[in-house]
Amino acid sequence: MFTGIVEELGEIVAVEAEGDSAVFTIRGPLVTEDAVHGASIAVNGVCLTVVDVKDGAFTADAMKETLDRSSLGSLEPGSKVNLERPVRLSDRLGGHLVQGHVDGVGTILSREPGERWDVVTVSLPAHLGRYLVDKGSITVDGISLTVVEAGADRFSVALIPTTLSLTTLGHKEPGDPVNLEVDVVAKYVERMLGDRVPAGGAA
């Protein structure tokens, strides 16, 4: 479990294709300080398992399902990535509960620079629209953000200077893909309420 508070802006060192999967080598001196084989690290919001750690970098496998459902397949050596280690039970929950399970891929539609922040609009896959509300939470490339305005097929977020300087969203441009994870609480509520609604009837 993660919080969506990015710890480090890492870099893809190598991508090695292995059939329908890939092995990523990712530089991240901070997140690898205490990383061991089998540990979890979120890479642009995707929970990956550490295979090896060496000289401030780690390797991780990504299966076909991961490559198909996220933007990791578009990464190449030199790409910057957001990195976060799992939250500890004693830590403050600075963002919101993030699983590292991507629900879909959106595309940056526009950026509106402000004096100290940018407003970014992102396309939203149709099946995810029902989980977003104004001032609710969403994870974009592993970053916990507050929704400014939620639409049926898009949403907007405001990026403060810290987010712009310390994450990939400070550099992404219209047309770039981003990983999206909606608030898991919304999905649980939908499931519970759905189980209470009789077939063909209203609650």
# chains A, B, ... in the order shown; residues from 1 in each chain; ligands from 1
call {"tool": "residues_around", "arguments": {"residues": "A:Ala42", "least_positions_apart": "3", "cutoff": "9 Å", "atoms": "only C-alpha atoms", "output": "PyMOL selection string"}}
result
chain A and resi 2+45-49+82-86+100+142
call {"tool": "select_by_dssp", "arguments": {"residues": "stretch 46-186 of chain A", "states": "strand (DSSP E)", "output": "JSON, numbers by chain"}}
result
{"A": [46, 47, 48, 49, 50, 51, 52, 53, 54, 57, 58, 59, 60, 61, 62, 80, 81, 82, 83, 84, 104, 105, 106, 107, 108, 109, 110, 111, 112, 113, 118, 119, 120, 121, 122, 123, 137, 138, 139, 140, 143, 144, 145, 146, 147, 148, 149, 150, 154, 155, 156, 157, 158, 159, 177, 178, 179, 180, 181, 182]}
call {"tool": "select_by_dssp", "arguments": {"residues": "stretch 17-190 of chain A", "states": "alpha helix (DSSP H)", "output": "list of chain:residue names"}}
result
A:Lys64, A:Glu65, A:Thr66, A:Leu67, A:Asp68, A:Arg69, A:Pro161, A:Thr162, A:Thr163, A:Leu164, A:Ser165, A:Leu166, A:Val184, A:Val185, A:Ala186, A:Lys187, A:Tyr188, A:Val189, A:Glu190
call {"tool": "write_last_selection", "arguments": {"atoms": "C-alpha atoms", "output": "PDB file, in the first residue's frame"}}
result
ATOM      1  CA  LYS A  64       2.161  -8.474 -20.247  1.00  0.00           C
ATOM      2  CA  GLU A  65      -0.869  -7.531 -18.119  1.00  0.00           C
ATOM      3  CA  THR A  66       1.103  -4.685 -16.544  1.00  0.00           C
ATOM      4  CA  LEU A  67       2.442  -3.459 -19.873  1.00  0.00           C
ATOM      5  CA  ASP A  68      -1.031  -3.602 -21.460  1.00  0.00           C
ATOM      6  CA  ARG A  69      -2.840  -1.801 -18.638  1.00  0.00           C
ATOM      7  CA  PRO A 161       5.388  24.066  -7.246  1.00  0.00           C
ATOM      8  CA  THR A 162       6.533  21.022  -5.253  1.00  0.00           C
ATOM      9  CA  THR A 163       4.692  18.658  -7.587  1.00  0.00           C
ATOM     10  CA  LEU A 164       6.027  20.477 -10.641  1.00  0.00           C
ATOM     11  CA  SER A 165       9.642  20.315  -9.481  1.00  0.00           C
ATOM     12  CA  LEU A 166       9.762  16.840  -7.896  1.00  0.00           C
ATOM     13  CA  VAL A 184     -10.310   2.375  -3.912  1.00  0.00           C
ATOM     14  CA  VAL A 185     -12.889   3.553  -1.349  1.00  0.00           C
ATOM     15  CA  ALA A 186     -15.190   4.604  -4.213  1.00  0.00           C
ATOM     16  CA  LYS A 187     -14.950   1.121  -5.734  1.00  0.00           C
ATOM     17  CA  TYR A 188     -15.778  -0.573  -2.446  1.00  0.00           C
ATOM     18  CA  VAL A 189     -18.775   1.714  -1.898  1.00  0.00           C
ATOM     19  CA  GLU A 190     -20.045   0.964  -5.408  1.00  0.00           C
TER      20      GLU A 190
END
call {"tool": "closest_residue", "arguments": {"among": "A:Val133, A:Leu72, A:Val105, A:Leu93", "to": "A:Glu149", "atoms": "only C-alpha atoms"}}
result
A:Val133
call {"tool": "residues_around", "arguments": {"residues": "A:Gly106", "least_positions_apart": "6", "cutoff": "7 Å", "atoms": "only C-alpha atoms", "output": "list in words"}}
result
Val122, Ser123, Leu124, Pro125, Pro177, Val178, Asn179 and Leu180 of chain A
call {"tool": "atom_distance", "arguments": {"atom1": "atom CA of A:Thr167", "atom2": "atom CA of A:Val6"}}
result
7.1 Å
call {"tool": "closest_residue", "arguments": {"among": "A:Thr25, A:Val31, A:Ala152, A:Ser74", "to": "A:Asp52", "atoms": "only C-alpha atoms"}}
result
A:Thr25
call {"tool": "residues_around", "arguments": {"residues": "A:Thr3", "least_positions_apart": "5", "cutoff": "7 Å", "atoms": "only C-alpha atoms", "output": "number ranges by chain"}}
result
A: 87, 93-98, 144
call {"tool": "write_last_selection", "arguments": {"atoms": "N, CA and C atoms", "output": "CSV table (one decimal), in the first residue's frame"}}
result
chain,number,residue,atom,x,y,z
A,87,VAL,N,4.0,2.4,2.3
A,87,VAL,CA,3.8,3.1,3.5
A,87,VAL,C,4.0,2.1,4.7
A,93,LEU,N,-0.2,9.4,6.8
A,93,LEU,CA,-0.8,9.2,5.5
A,93,LEU,C,-1.0,10.6,4.8
A,94,GLY,N,0.1,11.0,4.2
A,94,GLY,CA,0.1,12.4,3.6
A,94,GLY,C,-0.8,12.5,2.4
A,95,GLY,N,-1.0,11.4,1.6
A,95,GLY,CA,-1.9,11.5,0.4
A,95,GLY,C,-3.2,10.8,0.7
A,96,HIS,N,-3.4,9.7,0.0
A,96,HIS,CA,-4.6,8.8,0.2
A,96,HIS,C,-4.1,7.4,0.0
A,97,LEU,N,-5.0,6.4,0.3
A,97,LEU,CA,-4.6,5.0,0.1
A,97,LEU,C,-4.5,4.7,-1.3
A,98,VAL,N,-3.3,4.3,-1.7
A,98,VAL,CA,-3.0,3.9,-3.1
A,98,VAL,C,-2.5,2.5,-3.2
A,144,SER,N,-0.6,11.4,-5.6
A,144,SER,CA,-1.9,11.6,-5.0
A,144,SER,C,-2.3,13.1,-5.3
call {"tool": "residues_around", "arguments": {"residues": "stretch 14-23 of chain A", "least_positions_apart": "4", "cutoff": "9 Å", "atoms": "only C-alpha atoms", "output": "list in words"}}
result
Thr59, Ala60, Asp61, Ala62, Met63, Lys64, Glu65, Thr66, Leu67, Gly73, Leu75, Glu76, Pro77 and Gly78 of chain A
